[in-house]
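Next up, final_4.txt (compact mmCIF, C-alpha atoms):
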```txt
# COMPACT_ATOMS: atom_id res chain seq x y z
CA MET A 1 0.00 0.00 0.00
CA ILE A 2 3.02 2.32 0.10
CA LYS A 3 2.54 2.97 -3.62
CA GLU A 4 -0.98 4.25 -2.98
CA ILE A 5 0.31 6.70 -0.38
CA TYR A 6 2.53 8.31 -3.01
CA THR A 7 0.11 8.15 -5.96
CA ARG A 8 -3.17 9.06 -4.25
CA ARG A 9 -4.53 12.46 -5.26
CA SER A 10 -7.78 14.25 -4.58
CA ILE A 11 -10.00 13.52 -7.57
CA ARG A 12 -12.85 15.96 -8.12
CA LYS A 13 -13.95 14.93 -11.63
CA TYR A 14 -15.48 11.56 -12.32
CA SER A 15 -16.54 9.52 -15.32
CA SER A 16 -20.10 8.24 -15.60
CA LYS A 17 -18.95 4.62 -15.22
CA PRO A 18 -20.92 2.96 -12.38
CA VAL A 19 -19.01 1.89 -9.27
CA PRO A 20 -19.92 -1.67 -8.30
CA GLU A 21 -21.10 -2.35 -4.77
CA THR A 22 -18.25 -4.84 -4.33
CA LYS A 23 -15.74 -2.00 -4.54
CA ILE A 24 -17.65 0.05 -1.97
CA VAL A 25 -17.59 -2.94 0.38
CA GLU A 26 -13.80 -3.15 -0.11
CA LEU A 27 -13.48 0.51 0.87
CA LEU A 28 -15.64 0.00 3.95
CA LYS A 29 -13.67 -3.06 5.01
CA ALA A 30 -10.49 -1.00 4.73
CA ALA A 31 -12.10 1.80 6.75
CA MET A 32 -12.98 -0.57 9.56
CA GLU A 33 -9.37 -1.80 9.74
CA ALA A 34 -8.21 1.67 10.77
CA PRO A 35 -6.69 2.14 14.20
CA SER A 36 -8.93 3.83 16.74
CA ALA A 37 -8.29 5.34 20.15
CA ARG A 38 -8.73 2.68 22.82
CA ASN A 39 -9.87 0.36 20.01
CA SER A 40 -13.28 2.05 20.29
CA GLN A 41 -14.13 1.70 16.58
CA PRO A 42 -16.63 4.56 17.00
CA TRP A 43 -17.69 4.82 13.37
CA GLN A 44 -20.83 4.42 11.35
CA PHE A 45 -20.92 4.71 7.55
CA ILE A 46 -23.73 5.93 5.31
CA VAL A 47 -23.28 4.99 1.64
CA ILE A 48 -24.97 7.58 -0.54
CA THR A 49 -26.03 6.32 -3.96
CA ARG A 50 -28.83 8.73 -4.88
CA LYS A 51 -27.81 11.60 -7.16
CA ASN A 52 -30.48 13.92 -5.72
CA ILE A 53 -28.96 13.59 -2.24
CA MET A 54 -25.45 14.32 -3.49
CA GLU A 55 -26.74 17.34 -5.42
CA LYS A 56 -28.46 18.69 -2.29
CA ILE A 57 -25.21 18.35 -0.34
CA ALA A 58 -23.37 20.26 -3.08
CA GLU A 59 -25.96 23.06 -2.73
CA PHE A 60 -25.20 23.75 0.95
CA HIS A 61 -21.51 22.76 1.03
CA SER A 62 -19.35 25.27 -0.83
CA HIS A 63 -16.56 22.74 -1.49
CA ALA A 64 -18.65 19.76 -2.56
CA ASP A 65 -19.34 20.45 -6.24
CA MET A 66 -17.64 17.18 -7.17
CA LEU A 67 -20.62 15.34 -5.69
CA ASN A 68 -22.60 16.36 -8.76
CA ASP A 69 -20.39 14.01 -10.82
CA ALA A 70 -19.58 11.36 -8.21
CA GLN A 71 -21.15 7.96 -8.55
CA LYS A 72 -21.31 7.40 -4.79
CA ALA A 73 -20.25 8.95 -1.53
CA ILE A 74 -19.53 7.61 1.92
CA LEU A 75 -20.43 9.64 4.97
CA VAL A 76 -18.24 8.79 7.96
CA CYS A 77 -19.88 9.50 11.29
CA GLY A 78 -18.75 9.08 14.84
CA ASP A 79 -21.35 7.34 16.97
CA LEU A 80 -21.54 8.98 20.39
CA SER A 81 -23.62 6.10 21.71
CA LEU A 82 -20.55 3.87 21.39
CA ILE A 83 -18.45 5.90 23.81
CA LYS A 84 -18.58 6.25 27.58
CA GLN A 85 -20.93 9.09 28.51
CA LYS A 86 -18.95 10.11 31.60
CA GLU A 87 -15.94 10.85 29.36
CA ILE A 88 -17.90 12.28 26.41
CA GLU A 89 -15.81 15.40 25.71
CA ILE A 90 -12.40 13.73 25.61
CA GLU A 91 -13.79 10.66 23.86
CA LYS A 92 -15.44 12.90 21.25
CA GLU A 93 -12.03 14.31 20.34
CA TYR A 94 -10.59 10.81 20.09
CA MET A 95 -13.59 9.83 17.97
CA VAL A 96 -12.77 12.53 15.41
CA GLN A 97 -9.20 11.22 15.18
CA SER A 98 -10.36 7.62 14.86
CA CYS A 99 -12.86 8.46 12.12
CA SER A 100 -10.16 10.44 10.32
CA ALA A 101 -7.98 7.32 10.24
CA ALA A 102 -10.92 5.41 8.72
CA ILE A 103 -11.32 8.16 6.09
CA GLN A 104 -7.65 7.94 5.17
CA ASN A 105 -8.01 4.18 4.75
CA ILE A 106 -10.97 4.75 2.40
CA LEU A 107 -8.90 7.15 0.31
CA LEU A 108 -5.96 4.75 0.04
CA ALA A 109 -8.21 1.78 -0.69
CA ALA A 110 -9.96 3.77 -3.43
CA GLU A 111 -6.59 4.42 -5.07
CA SER A 112 -5.71 0.72 -4.84
CA VAL A 113 -8.90 -0.31 -6.71
CA ASN A 114 -8.55 2.41 -9.39
CA LEU A 115 -11.22 4.69 -8.01
CA GLY A 116 -10.94 8.40 -7.48
CA ALA A 117 -11.96 9.99 -4.21
CA VAL A 118 -11.73 13.19 -2.23
CA TRP A 119 -12.19 14.06 1.45
CA VAL A 120 -15.08 16.53 1.89
CA ALA A 121 -14.94 17.97 5.41
CA LEU A 122 -18.07 18.54 7.48
CA TYR A 123 -16.90 18.64 11.10
CA PRO A 124 -16.61 21.08 12.90
CA ARG A 125 -18.71 23.43 10.71
CA LYS A 126 -22.04 23.74 12.56
CA HIS A 127 -24.02 24.72 9.44
CA ARG A 128 -22.75 21.68 7.51
CA LEU A 129 -23.41 19.35 10.44
CA GLU A 130 -27.00 20.55 10.82
CA LYS A 131 -27.73 20.33 7.09
CA ILE A 132 -26.30 16.83 6.59
CA THR A 133 -27.97 15.58 9.78
CA ASN A 134 -31.37 16.83 8.62
CA LEU A 135 -30.93 15.71 5.02
CA LEU A 136 -29.98 12.15 5.95
CA ASN A 137 -32.19 11.93 9.04
CA LEU A 138 -29.21 11.00 11.22
CA PRO A 139 -29.75 9.99 14.84
CA ASN A 140 -28.72 12.62 17.42
CA CYS A 141 -25.86 10.39 18.53
CA TYR A 142 -24.20 10.51 15.08
CA LEU A 143 -21.53 13.16 14.56
CA PRO A 144 -20.90 13.59 10.82
CA ILE A 145 -17.14 13.91 10.36
CA SER A 146 -16.63 13.87 6.61
CA LEU A 147 -17.86 12.68 3.26
CA VAL A 148 -15.74 10.88 0.70
CA SER A 149 -16.90 11.30 -2.89
CA ILE A 150 -16.20 8.27 -5.07
CA GLY A 151 -16.12 7.47 -8.76
CA TYR A 152 -13.87 6.40 -11.58
CA PRO A 153 -11.47 9.27 -12.25
CA GLY A 154 -12.45 11.73 -14.95
CA GLU A 155 -9.12 13.50 -14.57
CA LYS A 156 -5.50 12.47 -14.25
CA LYS A 157 -3.27 14.03 -11.63
CA LEU A 158 0.42 13.39 -11.29
CA PRO A 159 1.86 12.38 -7.93
CA ALA A 160 3.10 15.22 -5.76
CA ASP A 161 6.34 15.17 -3.82
CA ARG A 162 5.45 16.74 -0.48
CA PHE A 163 8.51 15.64 1.46
CA LYS A 164 10.10 18.55 3.34
CA LYS A 165 13.23 17.61 5.22
CA SER A 166 13.16 20.97 7.04
CA ARG A 167 10.07 19.81 8.96
CA ILE A 168 11.80 16.86 10.56
CA HIS A 169 13.27 17.27 14.02
CA TYR A 170 14.92 14.71 16.27
CA ASN A 171 14.47 14.59 20.03
CA GLU A 172 13.71 18.31 20.32
CA PHE A 173 13.04 21.28 18.08
CA ASN A 174 16.26 22.44 16.51
```
Can you dump the structure from the file as structure tokens?
Amino acid sequence: MIKEIYTRRSIRKYSSKPVPETKIVELLKAAMEAPSARNSQPWQFIVITRKNIMEKIAEFHSHADMLNDAQKAILVCGDLSLIKQKEIEIEKEYMVQSCSAAIQNILLAAESVNLGAVWVALYPRKHRLEKITNLLNLPNCYLPISLVSIGYPGEKKLPADRFKKSRIHYNEFN
């Protein structure tokens, strides 16, 4: 999977080729293999297949135009009912990190099965959270973290070299 780390790019244009359900299941399996704080696995996933839903999201989310062309999307939510209520605030922060690891796994898995994908942030924007919660009729215990738009790439992007040696420090800042 190291190759996918270096070749993965945010794809915002998609072809009209349908994405088979088997590939979505592969992405979800990869997501659920992500590490999570205290092995809490606090995630829930909503697979969005209806174009009208993706178009409505693009209407209220200023950076989600690619959903108009995407074949599918996966909403990654943290499930507050899966965490200890007495530690809700600290666990909520861990939950965001854990769901982010699941999102990264989805992105890398998409690259490995020749799909294009892009991370579409929702959390912590209150307006976006309210809109997506109402649109998808999410339970109150679900915290929408991010969407991942998915489709076969309709654009080609070259790998980027983002390595910056100047940002590496050993033992202390020097």
#### Entry: Residue contacts of Gln104 in chain A (10 Å, all atoms listed in the file) excluding same-chain residues fewer than 2 positions away, as a list of chain:residue names
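The residues that qualify are A:Ile5, A:Ala30, A:Ala31, A:Ala34, A:Cys99, A:Ser100, A:Ala101, A:Ala102, A:Ile106, A:Leu107, A:Leu108, A:Ala109, A:Ala110, A:Val118, A:Trp119, A:Val148.
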### Query
So which residues touch range 36-44 of chain A within 7 Å, counting all atoms listed in the file, skipping near sequence neighbours fewer than 6 positions away, as a PyMOL selection string?
chain A and resi 76-79+82+94-95+98-99
### Query
Using only C-alpha atoms, which of the listed residues (A:Leu138, A:Ile150, A:Val96, A:Ile83) sits closest to Pro124 in chain A?
A:Val96
### Task
Figure out the distance between CA of His63 in chain A and CA of Glu155 in chain A, please, to one decimal in Å.
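About the pair CA of Glu155 in chain A and CA of His63 in chain A: they are 17.7 Å apart.
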### Query
A:Ile11, A:Ile46, A:Ala64, A:Ala121: which is nearest Pro139 in chain A, counting only C-alpha atoms?
A:Ile46
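Here CA of Pro20 in chain A and CA of Asn134 in chain A stand 27.6 Å from one another.
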### Message
Considering all atoms listed in the file, can you say which of A:Leu122, A:Leu129, A:Leu136, A:Ala160 comes closest to Val47 in chain A?
### Response
A:Leu136
